[in-house]
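Step one of this worksheet: look at the structure below.
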Amino acid sequence: MTRLNRQISRRAAVLVIAIAAATPTAAQSPSNARVEVSANVGAKAGASTFAATHTRPSNGNETETITVDHGVKTAPAFSVGAAVRLVPQFWVGVQYAMTEMKPSATLSAAIPHPILFDAARTVEGSVNDVAHKEQNVHVALMYALPFQAVDMKVMGGPTFFNVKQDFVSGVSITETYPFDTAAFGNATTKQVSDTAVGFNAGVDIARPLSSNIGIGALIRYSRADVKFDDRDIGQQTVKAGGFELAGGVRVKF
Amino acid sequence: MRHTRLLVLRTFATVVAVALLVQPERAVIGQESNALDSRRITLTATTQAAVIESNSVIARMLQARELTSVRIQDDPQIPNRQTQTLQQVYKGIPVEGGSVTLHKAGPTTISALGTLFNDISLDITPAIAPVDAARIIEKAADAFIPFGASPTLVIVPSPAGTFALTYKATVAYAITYYVDAFTGDVVRVVDEKNYETGLGTGTLGEPKKMATTLIGGTYRTRDTLRPASISTYDTGGSSTALDRMLNSNNATDNDLASSSTNTWTNGYVVDAHSNTGFTYDYFFRQHNWSGLDGSNRPLSDIVHSGTRDNAFFIAPPFGPNRNGAMVYGRTSGGVPVTTMDIAGHELMHGVTFFSLSNRTGSGFVPIVYTVLGPTTFVYNGTTFACSTTVLADSQGNRRPFFCNNGRYVLGASHGGAINEAVSDVFGTSVEFFYQPVGSGPLRADYLMGEDVTGFGPNRSLINPASILIRHEFGTLGYPDHVSKMLNYALVVTGGTATNPTSVSFSPAAFSEGIFLSFFNSGPDGGGVHLNSTIFSHAFYLAVEGGRNATSNLSVTGVGAANRAQIEKVFFRAQTQLMPNNANLQMAAAAVIQAAIDLYGAGGAPTQAVTQAMVAVGLR
């Protein structure tokens, strides 16, 4: 578990306690509703850091190697969805969630010498705002736990990920004759998108405030390996998903 | 009645004709009493006492306005040092071969090297105009004098101790003509190209990076990576194209070798282009020297399959954009003459030319140092006495041999030999910088042209005598000691037999008193290649140590691990201290002085080069 994920777990516990302590104004039996619509705003941390390495021919058919260590960042997350009660304690729901984070990345590149063989120069640098955008559809089977004060659902199921990821496709350097050393100039990035199927698991806790409106909190972990294949960045695998903590409204019918 | 014998020479059309100087003694400063030239003053002053003595001569000539400062420039290797070259003039007209190079620390002179002439006296009012001299030269050469290079007056010292007023101009292919300013006779023809004879190269399959430029959608062999651009032109075997590039200075982007894919398979182009680049890098990294002239003058290679067994450097005003050029041919077997040592050799010719020109006003001047030979030689069973023998060339000209008291006067081009030797030194040095040490293809060694398939090596710095010189009667090894130097009988080309104003080398040579005939091959410009191994062998001895096979003297070298020290010494000697009229002994003094400058009098490199010069007979 990453440091960011641990932070989100702590925040989730605080949020759940706060919701449980809220005073209901007009309690409604949770078992009576058949449909629930929810909307959440919260925060999401990336699944994990990852390294992307790609090579390309350069300077006399030698190989230029660029390795980028992509970081993670907590970013705002937004989701909306609906759930239908199948039987008294089982629900099935669909939720659309989106998030966009722009962490920084550090890179190391081995740039072939323009004149000599086997004399590559190593340059290092960092790239800011490397975008990672997810639009996910979570499908979940939910089990409603029989608590009096709150509606609590444990859920899990498949997630359909659509990820747009920035990759470093090239590095520009500054160099002067006789080219024995080089300094990092800047990096060019390319945004590539792809889809994958993963999973999600989480807990949703809601506190009714009236007969059909309540507030709730959502803790969810989702995960998928999204594989990209692009001419400019090669084949890369990105871990999508991560911990999500959100709070919002619940409307029941 | 006096009987004259006639020797007919088939290949005498372009022999080098040069001014005469007597073979100098070892004196650091001396006014020779030799009857041939009592007016010569040689300066090889590297000690305080000798410098004081030379300073008095220089001061006197400065006061008499017989010396003018050509240039003062900072020493790029040692702070607060300068080099200054003083050109001798007579009533404002330059004296060919009269100059001295001073190495100074502020007002203090460290060394003085060069040759000056005493008691010049002649009429300096020419009988013919420059335009007439130009017409004479262009007719004789069947070529035009480049625009802006009209004939200029120079005074040429003669072997009889007199001086001749001549017009001098250079025409196509860097051939310089001298015309007597009173009679209009062509008295001297000097071929200034630095030929690398008998070498070839092949594409050995080694991968090389090519620095190219995309021009109009096509990759062209123009290296713009390095601070000095390197352009490699391909004549496609056309002599017309070569003539246009060299003599009309007209080479366009379309003459550059091209590739649509930036993949290069032409061995000529790949080797010439990349090896010139590697040599540029070597000079920069090892000697902090930028290109031909130290200031990144553009470099031009011309690959020309029409040139056989040859590569050469041609100096400005020839070559594309008047920057000179390295021209590479191929062997008769079709192998390109573009290996790394050859490219290093040719580019070093350019470094020599520009460093001398920038410092002294010209490259090596074609000055001849002479010795006296025998009174006769025997050729094809006939005895030829000097005083009664005349040499006939293919043009029908009959030239008497130059004699002194009945003895043949022999000469050699020391400047040419120094030039070739130093080019060999740095041709091999470039190899050692980039290639692993060893024997076989693409290995660094002290041989020249060894990677030319089926042809080289053609010179050895380790054991010069292991490479054979072919002459009409057989072979002999390249000389490893000054006592084995080849000297050529001189023929009179100006003035009279008893009072010549100008002379040329004949193909009749002598080594250790033995007559050698080069009537079939020519006099090698006065032995510029054949005598070069004396000096280049000293480089080898100073690095690796060992015993000179002729003198049997041993040298303690600095060792291969310290090879760079000796390279720096020779480079400094050539680019900072060498006078443009040096003989081999003067060059040895310059090398030793360079070692003292860089490593001190007691330094191991100084000891090594001193021992080496003694071992080869130059000290």
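Going by the structure tokens order, chains are called A, B, ..., each with residues numbered from 1, while ligands are numbered from 1 in the order shown.
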Where does chain B meet chain A within 8 Å, residue by residue, with the nearest atom pair and distance in Å to one decimal for each, counting only C-alpha atoms, listed by chain and rising number, as CSV?
residue,atom,partner,partner_atom,distance
B:Lys209,CA,A:Gly60,CA,5.6
B:Met210,CA,A:Gly60,CA,7.3
B:Ala211,CA,A:Ile115,CA,7.3
B:Leu225,CA,A:Tyr177,CA,7.4
B:Arg226,CA,A:Tyr177,CA,6.3
B:Pro227,CA,A:Tyr177,CA,7.1
B:Asp281,CA,A:Pro178,CA,7.5
Polymer residues at most 10 Å from Thr338 of chain B, only C-alpha atoms, same-chain spacing of 5 or more positions, as a PDB file with N, CA and C atoms, in the first residue's frame:
ATOM      1  N   LEU B 199      50.244   4.783 -51.737  1.00  0.00           N
ATOM      2  CA  LEU B 199      49.331   4.335 -50.698  1.00  0.00           C
ATOM      3  C   LEU B 199      47.955   4.052 -51.285  1.00  0.00           C
ATOM      4  N   GLY B 200      47.230   3.227 -50.617  1.00  0.00           N
ATOM      5  CA  GLY B 200      45.856   2.956 -51.025  1.00  0.00           C
ATOM      6  C   GLY B 200      45.061   2.537 -49.816  1.00  0.00           C
ATOM      7  N   THR B 201      43.824   2.435 -49.970  1.00  0.00           N
ATOM      8  CA  THR B 201      42.984   1.986 -48.861  1.00  0.00           C
ATOM      9  C   THR B 201      41.794   1.231 -49.397  1.00  0.00           C
ATOM     10  N   GLY B 202      41.254   0.463 -48.574  1.00  0.00           N
ATOM     11  CA  GLY B 202      40.041  -0.231 -48.951  1.00  0.00           C
ATOM     12  C   GLY B 202      38.998  -0.084 -47.879  1.00  0.00           C
ATOM     13  N   THR B 203      37.797  -0.360 -48.214  1.00  0.00           N
ATOM     14  CA  THR B 203      36.745  -0.391 -47.214  1.00  0.00           C
ATOM     15  C   THR B 203      36.860  -1.727 -46.494  1.00  0.00           C
ATOM     16  N   GLY B 267      33.159   3.173 -50.179  1.00  0.00           N
ATOM     17  CA  GLY B 267      34.318   3.171 -49.292  1.00  0.00           C
ATOM     18  C   GLY B 267      35.138   4.439 -49.358  1.00  0.00           C
ATOM     19  N   TYR B 268      35.276   4.981 -50.552  1.00  0.00           N
ATOM     20  CA  TYR B 268      35.976   6.259 -50.720  1.00  0.00           C
ATOM     21  C   TYR B 268      35.401   7.315 -49.791  1.00  0.00           C
ATOM     22  N   VAL B 269      34.094   7.461 -49.957  1.00  0.00           N
ATOM     23  CA  VAL B 269      33.401   8.555 -49.284  1.00  0.00           C
ATOM     24  C   VAL B 269      33.397   8.345 -47.772  1.00  0.00           C
ATOM     25  N   VAL B 270      33.068   7.122 -47.372  1.00  0.00           N
ATOM     26  CA  VAL B 270      32.963   6.825 -45.940  1.00  0.00           C
ATOM     27  C   VAL B 270      34.300   7.058 -45.244  1.00  0.00           C
ATOM     28  N   ASP B 271      35.349   6.492 -45.810  1.00  0.00           N
ATOM     29  CA  ASP B 271      36.653   6.606 -45.158  1.00  0.00           C
ATOM     30  C   ASP B 271      37.177   8.036 -45.166  1.00  0.00           C
ATOM     31  N   ALA B 272      37.090   8.696 -46.296  1.00  0.00           N
ATOM     32  CA  ALA B 272      37.619  10.057 -46.364  1.00  0.00           C
ATOM     33  C   ALA B 272      36.866  10.974 -45.403  1.00  0.00           C
ATOM     34  N   HIS B 273      35.559  10.877 -45.447  1.00  0.00           N
ATOM     35  CA  HIS B 273      34.738  11.786 -44.648  1.00  0.00           C
ATOM     36  C   HIS B 273      34.916  11.522 -43.150  1.00  0.00           C
ATOM     37  N   SER B 274      34.809  10.261 -42.763  1.00  0.00           N
ATOM     38  CA  SER B 274      34.884   9.967 -41.327  1.00  0.00           C
ATOM     39  C   SER B 274      36.314  10.106 -40.801  1.00  0.00           C
ATOM     40  N   ASN B 275      37.297   9.693 -41.568  1.00  0.00           N
ATOM     41  CA  ASN B 275      38.667   9.784 -41.073  1.00  0.00           C
ATOM     42  C   ASN B 275      39.147  11.232 -40.974  1.00  0.00           C
ATOM     43  N   THR B 276      38.662  12.084 -41.844  1.00  0.00           N
ATOM     44  CA  THR B 276      38.972  13.504 -41.681  1.00  0.00           C
ATOM     45  C   THR B 276      38.346  14.020 -40.385  1.00  0.00           C
ATOM     46  N   VAL B 303      37.325  13.123 -53.216  1.00  0.00           N
ATOM     47  CA  VAL B 303      37.665  11.753 -53.592  1.00  0.00           C
ATOM     48  C   VAL B 303      37.598  11.662 -55.111  1.00  0.00           C
ATOM     49  N   ASN B 310      47.771   7.531 -54.864  1.00  0.00           N
ATOM     50  CA  ASN B 310      48.122   8.831 -54.357  1.00  0.00           C
ATOM     51  C   ASN B 310      47.037   9.466 -53.505  1.00  0.00           C
ATOM     52  N   ALA B 311      47.492  10.298 -52.631  1.00  0.00           N
ATOM     53  CA  ALA B 311      46.637  11.235 -51.911  1.00  0.00           C
ATOM     54  C   ALA B 311      47.499  12.459 -51.679  1.00  0.00           C
ATOM     55  N   VAL B 327      42.998  15.544 -51.191  1.00  0.00           N
ATOM     56  CA  VAL B 327      42.541  14.820 -52.371  1.00  0.00           C
ATOM     57  C   VAL B 327      42.970  13.359 -52.244  1.00  0.00           C
ATOM     58  N   TYR B 328      42.013  12.463 -52.425  1.00  0.00           N
ATOM     59  CA  TYR B 328      42.277  11.039 -52.246  1.00  0.00           C
ATOM     60  C   TYR B 328      42.001  10.286 -53.545  1.00  0.00           C
ATOM     61  N   GLY B 329      42.981   9.493 -53.972  1.00  0.00           N
ATOM     62  CA  GLY B 329      42.803   8.661 -55.150  1.00  0.00           C
ATOM     63  C   GLY B 329      42.641   7.211 -54.749  1.00  0.00           C
ATOM     64  N   ARG B 330      43.113   6.340 -55.614  1.00  0.00           N
ATOM     65  CA  ARG B 330      43.057   4.916 -55.297  1.00  0.00           C
ATOM     66  C   ARG B 330      44.277   4.230 -55.890  1.00  0.00           C
ATOM     67  N   ALA B 343      44.632   9.746 -43.956  1.00  0.00           N
ATOM     68  CA  ALA B 343      43.840  10.962 -43.723  1.00  0.00           C
ATOM     69  C   ALA B 343      44.532  11.848 -42.685  1.00  0.00           C
ATOM     70  N   GLY B 344      45.059  11.225 -41.623  1.00  0.00           N
ATOM     71  CA  GLY B 344      45.790  11.996 -40.619  1.00  0.00           C
ATOM     72  C   GLY B 344      47.019  12.649 -41.217  1.00  0.00           C
ATOM     73  N   GLU B 346      47.503  13.548 -44.394  1.00  0.00           N
ATOM     74  CA  GLU B 346      47.170  14.660 -45.290  1.00  0.00           C
ATOM     75  C   GLU B 346      46.665  15.874 -44.519  1.00  0.00           C
ATOM     76  N   GLY B 449      50.162   3.324 -44.204  1.00  0.00           N
ATOM     77  CA  GLY B 449      49.449   2.725 -45.317  1.00  0.00           C
ATOM     78  C   GLY B 449      49.306   1.222 -45.250  1.00  0.00           C
ATOM     79  N   ASP B 451      47.089  -0.609 -44.014  1.00  0.00           N
ATOM     80  CA  ASP B 451      45.737  -1.125 -44.200  1.00  0.00           C
ATOM     81  C   ASP B 451      45.272  -1.047 -45.648  1.00  0.00           C
ATOM     82  N   VAL B 452      46.149  -0.622 -46.518  1.00  0.00           N
ATOM     83  CA  VAL B 452      45.786  -0.559 -47.928  1.00  0.00           C
ATOM     84  C   VAL B 452      45.989  -1.946 -48.528  1.00  0.00           C
TER      85      VAL B 452
END
What is the atom CA of Val41 of chain A to atom CA of Asn200 of chain A distance in Å?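 Atom-to-atom, atom CA of Val41 of chain A and atom CA of Asn200 of chain A are spaced 17.5 Å apart.
Taking atom CA of Phe318 of chain B as the reference point, atom CA of Ser248 of chain B is found at 7.6 Å.
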Among segment 154-398 of chain B, which residues carry a DSSP assignment of strand (DSSP E or B), reported as a PyMOL selection string? chain B and resi 154-157+163-171+175-180+186-191+194-197+213-215+218-220+222-223+230-234+256+258-259+299-308+310-314+325-330+336+367-372+376-379+382-385+389-392+398
Residues flagged helix (DSSP H, G or I) by DSSP in segment 280-376 of chain B, as number ranges by chain: B: 280-287, 320-322, 340-360
Writing out the chosen residues with N, CA and C atoms as a tab-separated table (two decimals), in the first residue's frame:
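Heads up, here's the output in part_8.tsv:
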chain	number	residue	atom	x	y	z
B	280	TYR	N	40.31	15.51	-37.18
B	280	TYR	CA	39.96	16.79	-36.57
B	280	TYR	C	39.80	16.62	-35.06
B	281	ASP	N	39.07	15.56	-34.68
B	281	ASP	CA	38.83	15.31	-33.25
B	281	ASP	C	40.14	15.05	-32.51
B	282	TYR	N	41.02	14.29	-33.13
B	282	TYR	CA	42.31	14.00	-32.49
B	282	TYR	C	43.07	15.30	-32.20
B	283	PHE	N	43.16	16.16	-33.18
B	283	PHE	CA	43.91	17.40	-32.97
B	283	PHE	C	43.25	18.25	-31.88
B	284	PHE	N	41.93	18.23	-31.87
B	284	PHE	CA	41.22	19.02	-30.86
B	284	PHE	C	41.44	18.44	-29.46
B	285	ARG	N	41.26	17.15	-29.34
B	285	ARG	CA	41.33	16.53	-28.02
B	285	ARG	C	42.76	16.47	-27.49
B	286	GLN	N	43.69	16.15	-28.35
B	286	GLN	CA	45.05	15.93	-27.88
B	286	GLN	C	45.87	17.22	-27.85
B	287	HIS	N	45.57	18.14	-28.76
B	287	HIS	CA	46.43	19.32	-28.89
B	287	HIS	C	45.68	20.65	-28.81
B	320	PRO	N	38.16	24.01	-53.05
B	320	PRO	CA	36.86	24.69	-52.92
B	320	PRO	C	36.94	25.92	-52.01
B	321	ASN	N	36.45	27.00	-52.50
B	321	ASN	CA	36.43	28.26	-51.75
B	321	ASN	C	37.82	28.69	-51.29
B	322	ARG	N	38.83	28.25	-52.02
B	322	ARG	CA	40.22	28.66	-51.76
B	322	ARG	C	40.70	28.27	-50.37
B	340	MET	N	42.88	5.69	-42.15
B	340	MET	CA	42.98	6.68	-41.09
B	340	MET	C	44.37	7.32	-41.03
B	341	ASP	N	45.43	6.52	-41.18
B	341	ASP	CA	46.76	7.12	-41.10
B	341	ASP	C	47.02	8.05	-42.28
B	342	ILE	N	46.45	7.71	-43.43
B	342	ILE	CA	46.65	8.58	-44.60
B	342	ILE	C	45.85	9.87	-44.44
B	343	ALA	N	44.63	9.75	-43.96
B	343	ALA	CA	43.84	10.96	-43.72
B	343	ALA	C	44.53	11.85	-42.69
B	344	GLY	N	45.06	11.22	-41.62
B	344	GLY	CA	45.79	12.00	-40.62
B	344	GLY	C	47.02	12.65	-41.22
B	345	HIS	N	47.70	11.90	-42.07
B	345	HIS	CA	48.90	12.43	-42.75
B	345	HIS	C	48.55	13.67	-43.58
B	346	GLU	N	47.50	13.55	-44.39
B	346	GLU	CA	47.17	14.66	-45.29
B	346	GLU	C	46.66	15.87	-44.52
B	347	LEU	N	45.84	15.64	-43.52
B	347	LEU	CA	45.34	16.79	-42.76
B	347	LEU	C	46.49	17.47	-42.01
B	348	MET	N	47.47	16.68	-41.57
B	348	MET	CA	48.61	17.28	-40.89
B	348	MET	C	49.40	18.16	-41.85
B	349	HIS	N	49.45	17.78	-43.13
B	349	HIS	CA	50.08	18.69	-44.10
B	349	HIS	C	49.39	20.05	-44.06
B	350	GLY	N	48.08	20.01	-43.96
B	350	GLY	CA	47.35	21.27	-43.89
B	350	GLY	C	47.68	22.04	-42.62
B	351	VAL	N	47.76	21.32	-41.51
B	351	VAL	CA	48.12	21.98	-40.24
B	351	VAL	C	49.51	22.61	-40.35
B	352	THR	N	50.42	21.86	-40.95
B	352	THR	CA	51.78	22.40	-41.14
B	352	THR	C	51.74	23.66	-41.99
B	353	PHE	N	51.02	23.57	-43.10
B	353	PHE	CA	50.98	24.73	-44.00
B	353	PHE	C	50.40	25.95	-43.30
B	354	PHE	N	49.26	25.76	-42.66
B	354	PHE	CA	48.59	26.94	-42.08
B	354	PHE	C	49.33	27.46	-40.85
B	355	SER	N	49.86	26.55	-40.05
B	355	SER	CA	50.56	27.05	-38.86
B	355	SER	C	51.82	27.81	-39.26
B	356	LEU	N	52.51	27.30	-40.28
B	356	LEU	CA	53.68	28.02	-40.76
B	356	LEU	C	53.27	29.33	-41.43
B	357	SER	N	52.25	29.26	-42.26
B	357	SER	CA	51.82	30.46	-42.99
B	357	SER	C	51.36	31.55	-42.03
B	358	ASN	N	50.57	31.16	-41.05
B	358	ASN	CA	50.07	32.17	-40.11
B	358	ASN	C	51.19	32.77	-39.28
B	359	ARG	N	52.21	31.99	-39.04
B	359	ARG	CA	53.30	32.47	-38.20
B	359	ARG	C	54.38	33.17	-39.01
B	360	THR	N	54.69	32.59	-40.16
B	360	THR	CA	55.87	33.07	-40.89
B	360	THR	C	55.53	33.73	-42.22
For each of B:Ser517, B:Ser54, B:Ser362, B:Thr501, take the minimum atom-to-atom distance to Ile155 of chain B, counting only C-alpha atoms, then give the residue where this is smallest. B:Thr501
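Between atom CA of Ile302 of chain B and atom CA of Leu242 of chain B there is a distance of 7.9 Å.
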Name all residues at most 10 Å from Val51 of chain B (count only C-alpha atoms; drop same-chain ones fewer than 4 positions away) and give them as a PyMOL selection string. chain B and resi 28-29+43-47+55-57+102+108-113
Store the residues picked out above, limited to all heavy atoms, as a compact mmCIF listing (two decimals), in the first residue's frame.
# COMPACT_ATOMS: atom_id res chain seq x y z
N VAL B 28 75.16 26.38 -33.36
CA VAL B 28 73.87 26.98 -33.04
C VAL B 28 73.71 28.30 -33.77
O VAL B 28 72.62 28.75 -34.04
CB VAL B 28 73.72 27.19 -31.52
CG1 VAL B 28 73.57 25.85 -30.82
CG2 VAL B 28 74.88 27.98 -30.96
N ILE B 29 74.80 28.93 -34.06
CA ILE B 29 74.76 30.09 -34.92
C ILE B 29 76.08 30.13 -35.66
O ILE B 29 77.14 29.94 -35.09
CB ILE B 29 74.52 31.39 -34.14
CG1 ILE B 29 74.56 32.58 -35.09
CG2 ILE B 29 75.53 31.57 -33.01
CD1 ILE B 29 74.07 33.85 -34.45
N LEU B 43 70.63 29.92 -37.79
CA LEU B 43 70.34 30.15 -36.38
C LEU B 43 69.62 28.94 -35.81
O LEU B 43 68.53 28.58 -36.26
CB LEU B 43 69.46 31.40 -36.21
CG LEU B 43 70.01 32.71 -36.76
CD1 LEU B 43 68.95 33.81 -36.62
CD2 LEU B 43 71.27 33.11 -36.02
N THR B 44 70.26 28.28 -34.86
CA THR B 44 69.59 27.18 -34.13
C THR B 44 69.79 27.44 -32.64
O THR B 44 70.17 26.55 -31.88
CB THR B 44 70.16 25.81 -34.53
OG1 THR B 44 71.58 25.83 -34.31
CG2 THR B 44 69.89 25.49 -35.97
N ALA B 45 69.52 28.65 -32.24
CA ALA B 45 69.83 29.09 -30.88
C ALA B 45 68.75 28.68 -29.91
O ALA B 45 67.61 29.16 -29.97
CB ALA B 45 70.00 30.61 -30.87
N THR B 46 69.11 27.77 -29.01
CA THR B 46 68.19 27.38 -27.95
C THR B 46 68.82 27.53 -26.56
O THR B 46 68.18 27.21 -25.57
CB THR B 46 67.72 25.92 -28.14
OG1 THR B 46 68.87 25.07 -28.17
CG2 THR B 46 66.94 25.75 -29.43
N THR B 47 70.05 27.98 -26.52
CA THR B 47 70.70 28.24 -25.23
C THR B 47 70.83 29.74 -25.05
O THR B 47 70.78 30.50 -26.03
CB THR B 47 72.09 27.59 -25.16
OG1 THR B 47 72.92 28.23 -26.14
CG2 THR B 47 72.02 26.10 -25.44
N ASN B 55 70.66 37.38 -31.15
CA ASN B 55 69.99 38.67 -30.98
C ASN B 55 70.80 39.82 -31.57
O ASN B 55 70.24 40.79 -32.09
CB ASN B 55 69.74 38.93 -29.49
CG ASN B 55 68.47 38.24 -29.00
OD1 ASN B 55 67.67 37.79 -29.81
ND2 ASN B 55 68.31 38.14 -27.69
N SER B 56 72.12 39.71 -31.48
CA SER B 56 72.95 40.80 -32.02
C SER B 56 72.82 40.85 -33.54
O SER B 56 72.77 41.94 -34.13
CB SER B 56 74.41 40.60 -31.59
OG SER B 56 74.94 39.46 -32.19
N VAL B 57 72.76 39.67 -34.15
CA VAL B 57 72.59 39.63 -35.61
C VAL B 57 71.23 40.21 -35.98
O VAL B 57 71.10 41.03 -36.90
CB VAL B 57 72.72 38.18 -36.11
CG1 VAL B 57 72.38 38.10 -37.60
CG2 VAL B 57 74.11 37.64 -35.84
N LEU B 102 61.25 33.52 -33.73
CA LEU B 102 61.65 33.73 -32.34
C LEU B 102 60.54 33.23 -31.42
O LEU B 102 59.36 33.47 -31.67
CB LEU B 102 61.87 35.23 -32.08
CG LEU B 102 62.83 35.97 -33.02
CD1 LEU B 102 62.86 37.44 -32.66
CD2 LEU B 102 64.22 35.36 -32.94
N THR B 108 62.04 38.66 -23.49
CA THR B 108 63.14 37.70 -23.47
C THR B 108 62.97 36.65 -24.56
O THR B 108 61.92 36.02 -24.67
CB THR B 108 63.21 36.98 -22.10
OG1 THR B 108 63.31 37.97 -21.09
CG2 THR B 108 64.41 36.05 -22.04
N THR B 109 64.02 36.49 -25.36
CA THR B 109 63.98 35.47 -26.40
C THR B 109 64.41 34.12 -25.83
O THR B 109 65.46 34.00 -25.20
CB THR B 109 64.92 35.86 -27.56
OG1 THR B 109 64.49 37.12 -28.09
CG2 THR B 109 64.88 34.82 -28.67
N ILE B 110 63.58 33.11 -26.05
CA ILE B 110 63.87 31.75 -25.56
C ILE B 110 64.66 30.98 -26.61
O ILE B 110 65.60 30.25 -26.32
CB ILE B 110 62.57 30.98 -25.25
CG1 ILE B 110 61.68 31.80 -24.31
CG2 ILE B 110 62.89 29.60 -24.69
CD1 ILE B 110 62.28 32.02 -22.95
N SER B 111 64.23 31.12 -27.87
CA SER B 111 64.94 30.42 -28.94
C SER B 111 64.83 31.23 -30.22
O SER B 111 63.92 32.04 -30.38
CB SER B 111 64.37 29.02 -29.16
OG SER B 111 63.05 29.09 -29.64
N ALA B 112 65.79 31.00 -31.11
CA ALA B 112 65.79 31.66 -32.42
C ALA B 112 66.21 30.63 -33.45
O ALA B 112 67.30 30.07 -33.37
CB ALA B 112 66.74 32.85 -32.42
N LEU B 113 65.31 30.34 -34.38
CA LEU B 113 65.59 29.33 -35.40
C LEU B 113 65.33 29.92 -36.78
O LEU B 113 64.30 30.57 -36.99
CB LEU B 113 64.69 28.10 -35.19
CG LEU B 113 64.75 27.40 -33.84
CD1 LEU B 113 63.64 26.36 -33.71
CD2 LEU B 113 66.11 26.74 -33.64
